[in-house]
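Asker: Take this structure first; my questions come after.
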Amino acid sequence: MAQPAWQDDPEPLALDTAPVPEYGTGSLADLLPTLVAGLGVPGFEQRIAGLAPADRNCVFLIDGLGWEQIKAHPDEAPYLHSLLGTSRGNTGRPITAGFPATTATSLASVGTGLPPGEHGLPGYTARNPDTGELMNQLRWKPWTDPHAWQPYPTVFQLADRDGVHTAQVSSPTFEHTPLTKIALSGGSFLGRLSGEDRMDLAADQLAAGDRSLVYTYYSDVDGKGHRFGVDSDAWRGQLMYVDRLVQRLAEQLPPRAALYVTADHGMIDIPFDEQSRIDFDEDWELRAGVALLGGEGRARHVYAVPGAQADVLTCWREVLGEQFWVASREEAVAAGWFGPRIDERVHGRIGDVVAAARDDVVITASHREPHESAMVGMHGSMTEAEQLVPLLEVRS
C-alpha cells in the first residue's frame with residue numbers, strides 16, 4: 001500500500017533549478033570588459049550585447065539596490081524607474097550579480113572582470129586553505145596579503161596602462177582598503193564625503209579625458225536595508241536620495257559619454273521568527289561534523305572536519321533541502337555557481353558544502369555572528385530579489 005502523501009519524505013531542491021548567474025554574457029563581471037573593449041583597450045571584447053561604445057564611460061554602483069527594489073518603488077525613485085527600459089542595452093532586462101550576491105564578491109567581479117571562481121573572493125567569509133582560518137573578505141580580517149589572495153590586474157589598471165583616463169570617486173574611507181587595492185585600483189582615487197560632491201567630481205573626471213573610465217559608489221542604501229529592512233522608511237529615504245544623485249550626475253554628463261547605473265546585489269527582509277531564522281549555533285544537527293561556518297545567512301560555505309564531508313552534506317540536505325539548494329563543492333563547481341572556471345588557489349576556499357537559500361529564510365549564527373544575525377535585510381543567494389541588478393543607461 002502506498003504511503004499517504006503527508007508521510008512521504010520531502011524531496012530536496014534539485015540543483016538544476018538554481019538560477020545560475022549569466023557569466024560571460026550578462027553578469028557584473030562582464031561590464032567593465034565590455035566598456036573598455038569599446039575604448040579599444042587590447043585584450044578585451046564585448047560580452048554584454050547591445051552596449052554601444054562611448055568615449056567616456058561612468059559606472060555608478062549603488063550598494064544593495066537590486067532590480068526588483070527599483071521596480072517596486074516608482075514613487076520613491078521616479079528617475080531610476082524611468083530608466084528601467086534602458087537597462088542592458090535598451091532591452092529592459094537586468095544583469096546578474098554573480099554568486100554569492102554579496103559586496104566583496106561583486107566588487108571584485110566588477111573591478112577584475114572575472115567571476116568569483118577566478119578572482120577568488122567567493123563570499124563574505126571563506127576559509128583560507130593555507131591557515132585553516134575564516135577570512136572576512138569585506139573587512140579583510142585576519143590580515144592576508146591582498147595580492148596573493150587576488151593576483152590578477154584590475155580592468156582599471158589595464159585601461160590606465162593603455163592611456164585611458166581612469167578614476168574612482170568614492171568615500172575617503174575606502175582609499176587604502178585591501179579590497180580597493182585588489183578590486184578597484186588603477187588611475188586616480190578621489191575621495192569625497194558627500195554624495196553630491198561625488199556626482200560632481202565624477203562628471204568632471206569623465207570630461208578630463210578623450211577616453212575615460214570613471215567609477216563611483218554609494219553605500220548607504222545597503223546600510224539602511226541591513227539595519228531597518230527594505231520595507232522601512234529609512235530605506236525609502238535613502239532610495240529617494242540616491243534617485244536624485246543619479247539624476248544630478250546624468251544632467252552633467254559631458255559630450256560622448258555614457259552613464260551606467262548598477263548594483264552589487266539586491267536584498268530581502270527576513271522575519272524574526274524561528275521558521276525564518278535557523279540558528280546554527282543552537283542546532284546540533286547542523287553543527288555535527290562542521291569545523292567552520294563561512295559565507296553569510298543566505299549563502300553558506302560549510303567546511304567539514306576531515307572525513308565528515310559526506311555526512312555533513314547528507315544532514316544539511318535533510319534539514320534544509322526544501323528551502324535551500326544544498327550542494328557539495330564539486331556539485332556547485334560543476335553547476336557553474338562560481339563561474340565556468342575555478343582557479344586551483346580558489347578551490348579550497350569554497351565550502352565542502354554550499355547552501356544557497358531559495359525561500360525567505362536564513363541560517364544565522366547568534367554567538368559567532370551576532371551583528372550579522374541581527375540584520376533585517378539580507379542577501380547572498382540566487383533569487384531574483386538578490387541576484388538581479390540593473391544596468392541603467394544614460395547617454396549625452
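By order of appearance in the C-alpha cells: chains A, B, ..., then residues from 1 within every chain, and ligands from 1 in the order shown.
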Step one, run DSSP on the backbone; step two, keep only residues of stretch 120-298 of chain A assigned to strand (DSSP E); then write them as an MDAnalysis selection string.
Answerer: chainID A and resid 125:127 134:136 165:170 188:191 212:218 257:262 268:269 277:279 290:296
Asker: Neighbouring residues of A:Ser373 were defined as those with any atom within 9 Å, considering only C-alpha atoms; residues of the same chain fewer than 3 positions away were excluded. Please report them as a list in words.
Answerer: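 Selected residues are Arg277, Asp279, Gly297, Val362, Ile363, Thr364, Ala365, Ser366, His367, Glu369, Pro370 and Val376 of chain A.
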Asker: Those residues with C-alpha atoms, as a compact mmCIF listing (two decimals), in the first residue's frame please?
Answerer:
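This went into out_31.txt:
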```
# COMPACT_ATOMS: atom_id res chain seq x y z
CA ARG A 277 15.90 32.28 11.06
CA ASP A 279 20.30 29.42 14.32
CA GLY A 297 22.99 33.72 6.18
CA VAL A 362 18.50 32.46 6.66
CA ILE A 363 20.99 30.40 8.62
CA THR A 364 22.12 32.72 11.38
CA ALA A 365 24.87 32.13 13.96
CA SER A 366 23.81 34.08 17.03
CA HIS A 367 27.00 33.54 19.04
CA GLU A 369 27.98 36.30 14.18
CA PRO A 370 25.83 38.45 16.49
CA VAL A 376 16.73 42.76 8.96
```
Asker: Neighbouring residues of A:Ala104 were defined as those with any atom within 8 Å, considering only C-alpha atoms; residues of the same chain fewer than 4 positions away were excluded. Please report them as a PyMOL selection string.
Answerer: chain A and resi 108+121+123-124+137-138+179
Asker: Would you list the contacts of A:Gly43 as a PDB file with N, CA and C atoms, in the first residue's frame, taking every protein, DNA or RNA residue within 12 Å and counting only C-alpha atoms, but skipping same-chain residues closer than 6 positions in sequence?
Answerer:
```
ATOM      1  N   PRO A  33      34.848  44.846 -18.855  1.00  0.00           N
ATOM      2  CA  PRO A  33      35.465  44.376 -20.095  1.00  0.00           C
ATOM      3  C   PRO A  33      34.730  44.843 -21.343  1.00  0.00           C
ATOM      4  N   THR A  34      33.390  44.884 -21.295  1.00  0.00           N
ATOM      5  CA  THR A  34      32.631  45.374 -22.444  1.00  0.00           C
ATOM      6  C   THR A  34      32.903  46.851 -22.703  1.00  0.00           C
ATOM      7  N   VAL A  36      35.590  48.737 -21.798  1.00  0.00           N
ATOM      8  CA  VAL A  36      36.948  49.059 -22.260  1.00  0.00           C
ATOM      9  C   VAL A  36      37.228  48.450 -23.625  1.00  0.00           C
ATOM     10  N   ALA A  37      36.509  47.364 -23.980  1.00  0.00           N
ATOM     11  CA  ALA A  37      36.621  46.876 -25.355  1.00  0.00           C
ATOM     12  C   ALA A  37      36.167  47.958 -26.324  1.00  0.00           C
ATOM     13  N   GLY A 113      36.808  42.030 -13.744  1.00  0.00           N
ATOM     14  CA  GLY A 113      36.188  41.450 -14.922  1.00  0.00           C
ATOM     15  C   GLY A 113      36.196  39.935 -14.906  1.00  0.00           C
ATOM     16  N   VAL A 155      40.688  45.779 -14.280  1.00  0.00           N
ATOM     17  CA  VAL A 155      40.396  46.387 -15.577  1.00  0.00           C
ATOM     18  C   VAL A 155      40.818  47.852 -15.569  1.00  0.00           C
ATOM     19  N   LEU A 158      44.562  48.013 -16.342  1.00  0.00           N
ATOM     20  CA  LEU A 158      44.863  47.735 -17.743  1.00  0.00           C
ATOM     21  C   LEU A 158      44.412  48.879 -18.645  1.00  0.00           C
ATOM     22  N   ALA A 159      43.279  49.490 -18.315  1.00  0.00           N
ATOM     23  CA  ALA A 159      42.825  50.646 -19.096  1.00  0.00           C
ATOM     24  C   ALA A 159      43.761  51.832 -18.906  1.00  0.00           C
ATOM     25  N   ASP A 162      46.787  51.672 -20.947  1.00  0.00           N
ATOM     26  CA  ASP A 162      46.532  51.926 -22.372  1.00  0.00           C
ATOM     27  C   ASP A 162      46.218  53.389 -22.648  1.00  0.00           C
TER      28      ASP A 162
END
```
Asker: Kindly indicate which residue among A:Gly307, A:Gly321, A:Gly89, A:Gly294 lies nearest to A:Pro122, using only C-alpha atoms for the distances.
Answerer: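 Using only C-alpha atoms, A:Pro122 sits closest to A:Gly294.
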Asker: Just list the residues in stretch 141-353 of chain A DSSP gives helix (DSSP H, G or I) on the backbone, as a ChimeraX atom specification.
Answerer: /A:146-149,155-161,172-174,178-183,195-207,220-228,233-250,280-282,284-287,309-320,329-334,344-347
Asker: Please report, as a Markdown table, each residue of stretch 178-252 of chain A lying at most 10 Å from stretch 378-383 of chain A, together with the nearest pair of atoms and the separation in Å rounded to one decimal; use only C-alpha atoms, and order rows by chain and ascending residue number.
Answerer:
```
| residue | atom | partner | partner_atom | distance |
| --- | --- | --- | --- | --- |
| A:Asp222 | CA | A:Met378 | CA | 9.6 |
| A:Gly225 | CA | A:Met378 | CA | 8.1 |
| A:His226 | CA | A:Met378 | CA | 6.4 |
| A:Arg227 | CA | A:Met378 | CA | 9.6 |
| A:Gly229 | CA | A:Met378 | CA | 8.3 |
| A:Val230 | CA | A:Met378 | CA | 9.5 |
```
Asker: Quick one: residues within 9 Å of A:Gly348, only C-alpha atoms counted, chain neighbours fewer than 6 positions away excluded, as a PyMOL selection string?
Answerer: chain A and resi 127-129
